[in-house]
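Here's protein-v2.txt, which has compact mmCIF, C-alpha atoms:
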# COMPACT_ATOMS: atom_id res chain seq x y z
CA MET P 26 0.00 0.00 0.00
CA PHE P 27 1.38 3.38 -1.06
CA GLY P 28 0.27 6.78 0.23
CA ILE P 29 -0.11 9.70 -2.19
CA THR P 30 -0.33 13.26 -0.92
CA MET P 31 -2.53 15.38 -3.17
CA GLY P 32 -0.24 18.43 -3.06
CA ASP P 33 -1.36 22.05 -3.04
CA PRO P 34 -5.17 21.98 -3.49
CA SER P 35 -4.98 25.07 -5.71
CA GLY P 36 -2.64 23.31 -8.16
CA VAL P 37 -2.79 20.32 -10.50
CA GLY P 38 -2.17 17.68 -7.82
CA PRO P 39 -5.83 16.73 -7.24
CA GLU P 40 -6.49 16.52 -10.99
CA ILE P 41 -3.43 14.36 -11.65
CA LEU P 42 -4.30 11.97 -8.83
CA LEU P 43 -7.94 11.59 -9.88
CA LYS P 44 -7.08 11.28 -13.56
CA ALA P 45 -4.54 8.53 -12.91
CA PHE P 46 -7.03 6.65 -10.75
CA SER P 47 -10.09 7.07 -12.97
CA GLN P 48 -8.17 5.95 -16.05
CA GLY P 49 -6.97 2.80 -14.28
CA LEU P 50 -3.32 3.83 -14.52
CA LEU P 51 -2.44 3.12 -10.89
CA LYS P 52 -1.08 -0.43 -10.80
CA HIS P 53 -0.53 -0.56 -7.03
CA PRO P 54 -2.94 -0.14 -4.10
CA VAL P 55 -2.91 3.47 -2.90
CA VAL P 56 -4.55 5.72 -0.35
CA ALA P 57 -4.73 9.48 -0.81
CA TYR P 58 -3.81 12.02 1.87
CA GLY P 59 -5.72 15.25 1.35
CA ASP P 60 -9.12 16.88 1.61
CA TYR P 61 -12.05 14.78 0.47
CA ALA P 62 -14.18 17.86 -0.29
CA ILE P 63 -11.57 19.24 -2.69
CA LEU P 64 -11.03 15.94 -4.46
CA GLU P 65 -14.77 15.40 -4.89
CA HIS P 66 -15.17 18.95 -6.24
CA CYS P 67 -12.34 18.42 -8.74
CA ASN P 68 -13.82 15.07 -9.70
CA ARG P 69 -17.20 16.63 -10.52
CA MET P 70 -15.79 19.76 -12.15
CA LEU P 71 -13.68 17.78 -14.63
CA GLY P 72 -16.15 14.94 -15.08
CA LEU P 73 -13.57 12.29 -14.22
CA GLY P 74 -16.03 9.86 -12.70
CA ALA P 75 -13.67 8.51 -10.06
CA ARG P 76 -15.22 6.63 -7.14
CA ILE P 77 -13.78 8.06 -3.94
CA ARG P 78 -14.62 7.67 -0.26
CA ARG P 79 -13.21 8.61 3.11
CA VAL P 80 -11.31 5.90 4.96
CA ARG P 81 -9.72 5.77 8.37
CA ARG P 82 -7.69 2.59 7.99
CA GLN P 83 -6.39 0.29 5.31
CA GLY P 84 -9.04 -2.37 5.92
CA GLU P 85 -11.76 0.02 4.76
CA LEU P 86 -10.41 0.27 1.21
CA GLU P 87 -12.72 -1.07 -1.50
CA GLU P 88 -11.62 -2.33 -4.90
CA GLY P 89 -12.31 0.26 -7.59
CA THR P 90 -12.57 3.06 -5.04
CA LEU P 91 -9.95 5.65 -4.15
CA GLY P 92 -9.65 5.80 -0.38
CA VAL P 93 -8.97 9.24 1.08
CA ARG P 94 -7.52 9.95 4.51
CA ASP P 95 -9.54 13.13 4.86
CA ALA P 96 -7.67 15.97 6.59
CA GLY P 97 -10.90 17.98 6.84
CA LEU P 98 -9.02 21.26 6.48
CA LEU P 99 -10.55 22.90 3.41
CA ARG P 100 -14.04 23.46 2.09
CA VAL P 101 -14.73 24.10 -1.59
CA GLU P 102 -15.41 27.77 -0.83
CA ASP P 103 -11.89 28.02 0.66
CA LEU P 104 -10.30 27.00 -2.63
CA SER P 105 -8.33 29.51 -4.72
CA ILE P 106 -7.82 27.60 -7.97
CA GLY P 107 -4.63 28.52 -9.77
CA ARG P 108 -3.56 31.12 -7.19
CA VAL P 109 -1.20 31.29 -4.25
CA SER P 110 -3.23 30.66 -1.12
CA ALA P 111 -2.13 30.51 2.50
CA ALA P 112 -4.94 28.07 3.29
CA SER P 113 -3.92 25.73 0.48
CA GLY P 114 -0.26 25.95 1.44
CA ARG P 115 -1.05 25.13 5.07
CA ALA P 116 -3.21 22.18 4.05
CA ALA P 117 -0.59 20.80 1.65
CA ARG P 118 1.95 20.81 4.45
CA ALA P 119 -0.44 18.94 6.74
CA TYR P 120 -1.01 16.20 4.14
CA VAL P 121 2.74 15.57 3.89
CA VAL P 122 3.18 15.46 7.66
CA GLU P 123 0.35 12.94 8.07
CA ALA P 124 1.62 10.70 5.26
CA THR P 125 5.16 10.81 6.65
CA ARG P 126 3.94 9.75 10.07
CA ALA P 127 1.89 6.95 8.52
CA ALA P 128 5.00 5.72 6.71
CA LEU P 129 6.99 5.82 9.94
CA ARG P 130 4.27 3.76 11.63
CA GLY P 131 4.48 1.22 8.83
CA GLU P 132 0.93 1.85 7.64
CA ILE P 133 2.12 2.52 4.09
CA ALA P 134 5.12 1.00 2.33
CA ALA P 135 6.09 4.28 0.66
CA MET P 136 4.86 7.82 0.24
CA VAL P 137 4.56 9.57 -3.12
CA THR P 138 4.11 13.33 -3.10
CA LEU P 139 2.36 15.62 -5.55
CA PRO P 140 3.58 19.23 -5.86
CA MET P 141 3.41 21.91 -3.20
CA ASN P 142 3.84 25.63 -3.78
CA LYS P 143 6.67 27.00 -1.64
CA GLU P 144 5.34 30.56 -1.63
CA ALA P 145 1.92 29.41 -0.48
CA THR P 146 3.27 27.17 2.29
CA GLN P 147 5.67 29.84 3.52
CA LEU P 148 2.70 32.10 4.24
CA SER P 149 1.95 29.85 7.23
CA ASP P 150 5.41 28.32 7.77
CA ALA P 151 8.18 30.81 7.08
CA SER P 152 10.84 28.12 7.59
CA PHE P 153 9.50 25.89 4.81
CA THR P 154 11.97 25.35 1.94
CA GLY P 155 10.64 22.17 0.38
CA HIS P 156 9.23 18.68 0.69
CA THR P 157 12.64 17.12 1.26
CA GLU P 158 13.51 19.22 4.28
CA LEU P 159 10.02 18.92 5.83
CA ILE P 160 9.96 15.13 5.52
CA ALA P 161 13.51 14.83 6.86
CA SER P 162 12.54 16.89 9.89
CA GLU P 163 9.48 14.72 10.57
CA CYS P 164 11.71 11.63 10.31
CA GLY P 165 14.21 13.08 12.78
CA VAL P 166 16.95 13.03 10.16
CA LYS P 167 19.55 15.76 10.00
CA GLY P 168 18.98 16.61 6.39
CA ALA P 169 18.48 14.36 3.40
CA VAL P 170 19.87 13.92 -0.09
CA LEU P 171 17.74 14.72 -3.11
CA MET P 172 18.09 12.32 -6.03
CA LEU P 173 16.46 12.86 -9.41
CA ALA P 174 16.14 9.68 -11.41
CA SER P 175 15.03 8.81 -14.92
CA ASP P 176 15.85 6.14 -17.46
CA ARG P 177 18.40 8.50 -19.01
CA LEU P 178 20.19 9.99 -16.02
CA ILE P 179 20.44 9.95 -12.22
CA VAL P 180 21.70 12.95 -10.28
CA THR P 181 22.15 13.63 -6.57
CA HIS P 182 22.93 16.90 -4.83
CA VAL P 183 25.34 18.04 -2.14
CA SER P 184 23.01 21.01 -1.55
CA THR P 185 19.59 21.90 -2.91
CA HIS P 186 17.34 24.66 -1.64
CA CYS P 187 19.82 27.33 -0.68
CA SER P 188 21.61 30.28 -2.29
CA LEU P 189 24.64 29.78 -4.51
CA ARG P 190 26.77 31.39 -1.81
CA GLN P 191 25.55 28.82 0.72
CA ALA P 192 26.02 26.02 -1.83
CA ILE P 193 29.70 26.92 -2.13
CA GLU P 194 30.06 26.88 1.65
CA ARG P 195 28.42 23.44 1.84
CA ALA P 196 30.68 21.79 -0.73
CA VAL P 197 32.97 20.36 1.94
CA ARG P 198 34.66 16.99 2.18
CA GLU P 199 32.35 15.36 4.71
CA ARG P 200 29.16 16.34 2.89
CA VAL P 201 30.46 15.29 -0.51
CA LEU P 202 31.58 11.91 0.87
CA ARG P 203 28.17 11.22 2.44
CA VAL P 204 26.39 11.98 -0.82
CA ILE P 205 28.77 9.73 -2.76
CA ARG P 206 28.09 6.85 -0.37
CA LEU P 207 24.31 7.30 -0.53
CA THR P 208 24.40 7.65 -4.30
CA CYS P 209 26.39 4.46 -4.86
CA ASP P 210 24.09 2.55 -2.52
CA ALA P 211 20.91 3.88 -4.13
CA VAL P 212 22.05 3.24 -7.69
CA ARG P 213 23.02 -0.31 -6.80
CA ARG P 214 19.60 -0.92 -5.22
CA LEU P 215 17.92 0.32 -8.37
CA GLY P 216 19.65 -2.48 -10.22
CA ARG P 217 22.20 -0.35 -12.06
CA GLU P 218 25.97 -0.59 -12.10
CA PRO P 219 27.05 2.07 -9.57
CA ARG P 220 29.60 3.91 -11.68
CA VAL P 221 29.38 7.41 -10.24
CA ALA P 222 30.87 10.71 -11.40
CA VAL P 223 31.42 13.67 -9.10
CA ALA P 224 31.07 17.04 -10.81
CA GLY P 225 33.30 19.91 -9.84
CA LEU P 226 31.95 23.10 -8.31
CA ASN P 227 33.88 25.59 -10.42
CA PRO P 228 34.35 25.96 -14.21
CA HIS P 229 36.68 23.26 -15.54
CA ALA P 230 36.61 21.70 -12.06
CA GLY P 231 38.77 24.58 -10.82
CA GLU P 232 41.50 24.20 -13.49
CA ASN P 233 44.06 23.06 -10.89
CA GLY P 234 43.22 25.92 -8.55
CA LEU P 235 43.02 28.67 -11.17
CA PHE P 236 39.26 29.13 -10.72
CA GLY P 237 38.92 28.05 -7.09
CA ARG P 238 40.39 25.59 -4.63
CA GLU P 239 37.25 23.72 -3.53
CA GLU P 240 38.06 20.82 -5.86
CA ILE P 241 41.59 20.48 -4.48
CA GLU P 242 40.85 20.99 -0.81
CA GLU P 243 37.38 19.46 -0.39
CA ILE P 244 35.95 17.49 -3.32
CA ALA P 245 39.02 15.52 -4.45
CA PRO P 246 39.80 14.29 -0.92
CA ALA P 247 36.18 13.08 -0.59
CA VAL P 248 36.47 11.17 -3.87
CA ALA P 249 39.80 9.68 -2.77
CA GLN P 250 38.26 8.47 0.49
CA ALA P 251 35.30 6.96 -1.34
CA ARG P 252 37.62 5.12 -3.71
CA ALA P 253 39.63 3.86 -0.74
CA GLU P 254 36.37 2.38 0.55
CA GLY P 255 35.97 0.53 -2.73
CA LEU P 256 33.29 2.73 -4.25
CA PRO P 257 33.38 3.07 -8.07
CA VAL P 258 33.56 6.85 -8.30
CA GLU P 259 35.55 9.35 -10.39
CA GLY P 260 36.10 13.08 -10.03
CA PRO P 261 35.98 15.90 -9.59
CA LEU P 262 35.24 16.21 -13.30
CA PRO P 263 34.52 19.39 -15.30
CA PRO P 264 30.76 19.94 -15.02
CA ASP P 265 30.41 20.96 -18.67
CA THR P 266 31.53 17.52 -19.91
CA THR P 267 30.42 15.22 -17.08
CA PHE P 268 26.85 14.86 -18.31
CA TYR P 269 27.96 14.16 -21.87
CA LEU P 270 30.11 11.31 -20.56
CA ALA P 271 27.22 9.98 -18.49
CA VAL P 272 24.44 10.26 -21.06
CA GLU P 273 26.06 9.97 -24.48
CA ARG P 274 28.98 7.69 -23.64
CA GLY P 275 27.29 5.64 -20.92
CA ARG P 276 30.33 5.99 -18.71
CA PHE P 277 28.43 6.78 -15.52
CA ALA P 278 25.10 5.71 -14.05
CA ALA P 279 24.83 8.79 -11.84
CA VAL P 280 26.37 12.19 -11.25
CA VAL P 281 26.90 13.76 -7.84
CA CYS P 282 26.21 17.47 -8.28
CA MET P 283 27.34 20.30 -6.04
CA TYR P 284 24.15 22.38 -6.11
CA HIS P 285 20.51 22.43 -7.21
CA ASP P 286 20.61 23.69 -10.79
CA GLN P 287 23.75 21.77 -11.71
CA GLY P 288 21.69 18.57 -11.47
CA HIS P 289 18.16 19.75 -12.18
CA ILE P 290 18.84 21.48 -15.50
CA PRO P 291 20.36 18.53 -17.39
CA LEU P 292 17.86 16.00 -16.05
CA LYS P 293 14.83 18.12 -16.85
CA LEU P 294 16.20 18.89 -20.28
CA LEU P 295 16.71 15.19 -20.99
CA ASP P 296 13.56 13.78 -19.43
CA PHE P 297 11.18 16.34 -18.00
CA GLU P 298 8.17 14.01 -18.00
CA GLY P 299 9.98 10.92 -16.77
CA GLY P 300 12.04 12.40 -13.94
CA VAL P 301 11.27 11.35 -10.37
CA ASN P 302 12.45 12.82 -7.08
CA VAL P 303 13.73 10.36 -4.48
CA THR P 304 14.81 11.32 -0.99
CA LEU P 305 17.83 9.39 0.27
CA GLY P 306 18.93 9.09 3.88
CA LEU P 307 15.43 8.53 5.36
CA PRO P 308 13.99 5.60 7.34
CA ILE P 309 11.07 5.56 4.85
CA ILE P 310 10.68 5.42 1.08
CA ARG P 311 9.65 8.72 -0.48
CA THR P 312 9.38 9.59 -4.16
CA SER P 313 7.79 12.57 -5.84
CA VAL P 314 6.76 14.00 -9.18
CA ASP P 315 9.37 16.26 -10.74
CA HIS P 316 7.14 19.21 -11.60
CA GLY P 317 5.39 22.07 -9.87
CA THR P 318 1.81 23.07 -9.15
CA ALA P 319 1.27 24.40 -12.72
CA PHE P 320 -1.20 27.10 -11.68
CA ASP P 321 -1.53 28.19 -15.32
CA ILE P 322 -3.33 25.01 -16.41
CA VAL P 323 -5.36 24.13 -13.30
CA GLY P 324 -8.95 23.17 -14.06
CA LYS P 325 -8.42 22.75 -17.81
CA GLY P 326 -8.26 18.96 -17.66
CA ILE P 327 -4.91 18.80 -19.47
CA ALA P 328 -2.52 18.00 -16.59
CA ASP P 329 -0.41 14.93 -17.40
CA PRO P 330 -0.20 12.18 -14.73
CA GLY P 331 2.94 10.69 -16.32
CA SER P 332 5.37 11.86 -13.66
CA LEU P 333 3.10 10.52 -10.89
CA LEU P 334 3.05 7.11 -12.56
CA GLU P 335 6.84 7.12 -12.82
CA ALA P 336 7.13 8.11 -9.14
CA ILE P 337 4.89 5.22 -8.09
CA LYS P 338 6.80 2.83 -10.33
CA LEU P 339 10.11 3.85 -8.79
CA ALA P 340 8.70 3.62 -5.26
CA ALA P 341 7.59 0.08 -6.06
CA THR P 342 11.04 -0.80 -7.39
CA ILE P 343 12.70 0.46 -4.22
CA ALA P 344 10.16 -1.28 -1.98
CA ALA P 345 10.64 -4.54 -3.87
CA THR P 346 14.32 -4.61 -2.99
CA ARG P 347 13.23 -5.07 0.62
CA VAL P 348 15.75 -2.54 1.83
CA SER P 349 16.24 -2.71 5.58
CA ARG P 350 15.39 0.56 7.25
CA SER P 351 18.78 0.78 8.86
CA ARG P 352 20.47 0.95 5.45
CA TRP P 353 18.31 3.90 4.36
CA ARG P 354 18.77 5.70 7.69
CA GLN P 355 22.32 6.83 6.98
CA GLU P 356 22.98 10.35 8.13
CA ALA P 357 22.88 12.83 5.26
CA PRO P 358 23.74 16.54 4.96
CA SER P 359 21.06 19.17 5.29
CA SER P 360 20.01 20.78 2.03

Rendering of file as structure tokens:
Amino acid sequence: MFGITMGDPSGVGPEILLKAFSQGLLKHPVVAYGDYAILEHCNRMLGLGARIRRVRRQGELEEGTLGVRDAGLLRVEDLSIGRVSAASGRAARAYVVEATRAALRGEIAAMVTLPMNKEATQLSDASFTGHTELIASECGVKGAVLMLASDRLIVTHVSTHCSLRQAIERAVRERVLRVIRLTCDAVRRLGREPRVAVAGLNPHAGENGLFGREEIEEIAPAVAQARAEGLPVEGPLPPDTTFYLAVERGRFAAVVCMYHDQGHIPLKLLDFEGGVNVTLGLPIIRTSVDHGTAFDIVGKGIADPGSLLEAIKLAATIAATRVSRSRWRQEAPSS
């Protein structure tokens, strides 16, 4: 049983969830975490014809019916479709917290998250920076590692939701080494040969100190330690050629990136629809769609559930490996 959070109620999350269910695209048993009133309204408005009902526990699920763990936070009149809303942002956060706690209790085998809007959630939680950090906090983990995975490329990140200045400060030996270890482990568990590249932080990977010394003083020592531990990793490599070697030459299964855009841009360019977020370093399995709330198309019935289906598929792959929780509980750096 997988849990799916419906995301920001003002965005495309409810539509994507209902469309995937009504079209019979969900191949695994799921329960939704969200507001029943909003899902039912979306269902009627778009004429999707999904059968949905409130449930309190797994045993109440009926075949052919989408069970909803109803948060009871929003009414239809509270909805601001396609707009930033404090009420929607607060509710979206609550869905994630409840699903995370259910996963920790073992009630669901994995959680799959639909998109939240950071601006909306920050209106009620100024400290909110993203799903990854919120879930890590609920799990009692000091940070987590964000992995983006598709059939064409896998990337992980030493830092994610922070400024470029902070990203430079966080590219230190200990953090880089932790991400390398988690990346090699995750890639292996996905059934791929864990040949991992580590991208440099600076142009040309610092050009032997000409453009910065982070590669010499921090990143290269982390790679050397990882190799001493027997991990199949190379780097630091020039970022402008690393992805070519990984994608076109098939030299690497994954790339460890130093900051958010270094990894996100190439993966979204290569496979925007097929990319899936995975959070490493948690005691639970969490995957997510790799797109936002798409306020510009809400209510038009054109939102594509493809990324949700890929996220569920990957969650199932991870769950099928029967990974012991202790192996996924490795300490990871904060984003």

Could you state the separation of CA of Val170 in chain P and CA of Val55 in chain P in Å, given to one decimal place? 25.2 Å

Which of these, P:Ala251, P:Val137, P:Ala96, P:Val223, has the shortest distance to Leu270 in chain P once you count all atoms listed in the file?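 Residue with the minimum atom-to-atom distance to Leu270 in chain P: P:Val223.
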
Residues near Val101 in chain P, cut-off 12 Å, all atoms listed in the file, skip fewer than 6 positions along chain, as a PyMOL selection string: chain P and resi 34-35+60-67+69-70+112-113

Enclosing box along x, y and z for every listed atom of range 31-45 of chain P, padded 5 Å each side, centre and size in Å, one decimal, as lines of an AutoDock Vina configuration file:
center_x = -4.1
center_y = 16.8
center_z = -8.3
size_x = 17.7
size_y = 26.5
size_z = 20.5

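Closest approach to Val248 in chain P among P:Thr346, P:Arg274, P:Gly260, P:Leu104 is made by P:Gly260 (distances from only C-alpha atoms).
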
Excluding His285 in chain P and residues on its chain fewer than 3 positions from it, collect all residues at most 10 Å away from it, counting all atoms listed in the file, and give them as a compact mmCIF listing (two decimals) with C-alpha atoms, keeping the file's coordinate frame.
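Once everything was written out, this is result_21.txt:
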# COMPACT_ATOMS: atom_id res chain seq x y z
CA LEU P 171 17.74 14.72 -3.11
CA THR P 181 22.15 13.63 -6.57
CA HIS P 182 22.93 16.90 -4.83
CA VAL P 183 25.34 18.04 -2.14
CA SER P 184 23.01 21.01 -1.55
CA THR P 185 19.59 21.90 -2.91
CA HIS P 186 17.34 24.66 -1.64
CA CYS P 187 19.82 27.33 -0.68
CA SER P 188 21.61 30.28 -2.29
CA LEU P 189 24.64 29.78 -4.51
CA ALA P 192 26.02 26.02 -1.83
CA CYS P 282 26.21 17.47 -8.28
CA GLY P 288 21.69 18.57 -11.47
CA HIS P 289 18.16 19.75 -12.18
CA ILE P 290 18.84 21.48 -15.50
CA SER P 360 20.01 20.78 2.03

Can you work out which one of P:Met31, P:Val56, P:Ala134, P:Ala340 has the shortest atom-to-atom distance to Val121 in chain P, counting only C-alpha atoms?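 Comparing P:Met31, P:Val56, P:Ala134, P:Ala340 against Val121 in chain P, the winner is P:Met31.
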
Taking a cut-off of 7 Å and counting all atoms listed in the file, can you build a table that, for each residue of range 110-199 of chain P near range 316-330 of chain P, reports the nearest atom pair and how far apart they are in Å (one decimal), sorted by chain then residue number, as CSV?
residue,atom,partner,partner_atom,distance
P:Pro140,CA,P:Gly317,CA,5.2
P:Met141,CA,P:Thr318,CA,6.3
P:Asn142,CA,P:Thr318,CA,6.3

Counting only C-alpha atoms, note down every residue that has an atom within 8 Å of the point (10.3, 12.2, -3.2) (file coordinates), as an MDAnalysis selection string. chainID P and resid 136:138 156:157 171 301:304 311:314 336

Could you work out how far CA of Met26 in chain P lies from CA of Leu42 in chain P, giving the answer in Å with one decimal?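 Interatomic distance, CA of Leu42 in chain P to CA of Met26 in chain P: 15.5 Å.
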
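The list of residues with at least one atom within 9 Å of Leu262 in chain P, based on only C-alpha atoms and without residues fewer than 6 positions apart in the same chain, reads Ala222, Val223, Ala224, Gly225, His229 and Ala230 of chain P.
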
Hey, can you check how far CA of Thr154 in chain P sits from CA of Leu307 in chain P? 17.5 Å

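Residues in contact with Ser47 in chain P at 7 Å, where only C-alpha atoms are counted and same-chain residues fewer than 4 positions away are skipped, are listed as Leu43, Leu73, Gly74 and Ala75 of chain P.
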
Within 12 Å of Glu87 in chain P, counting only C-alpha atoms, which residues qualify if same-chain residues fewer than 3 places away don't, as a PyMOL selection string? chain P and resi 54-56+76-80+82-84+90-93

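Proximity of P:Arg130, P:Arg276, P:Arg190, P:Arg115 to Leu178 in chain P, computed with only C-alpha atoms, is greatest for P:Arg276.
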
Tell me which of P:Ile106, P:Tyr58, P:Leu226, P:Arg238 sits closest to Val201 in chain P, counting all atoms listed in the file. P:Leu226

Find, counting only C-alpha atoms, the residue in P:Ile193, P:Leu159, P:Ala128, P:Ile205 that gets nearest to Gly255 in chain P. P:Ile205
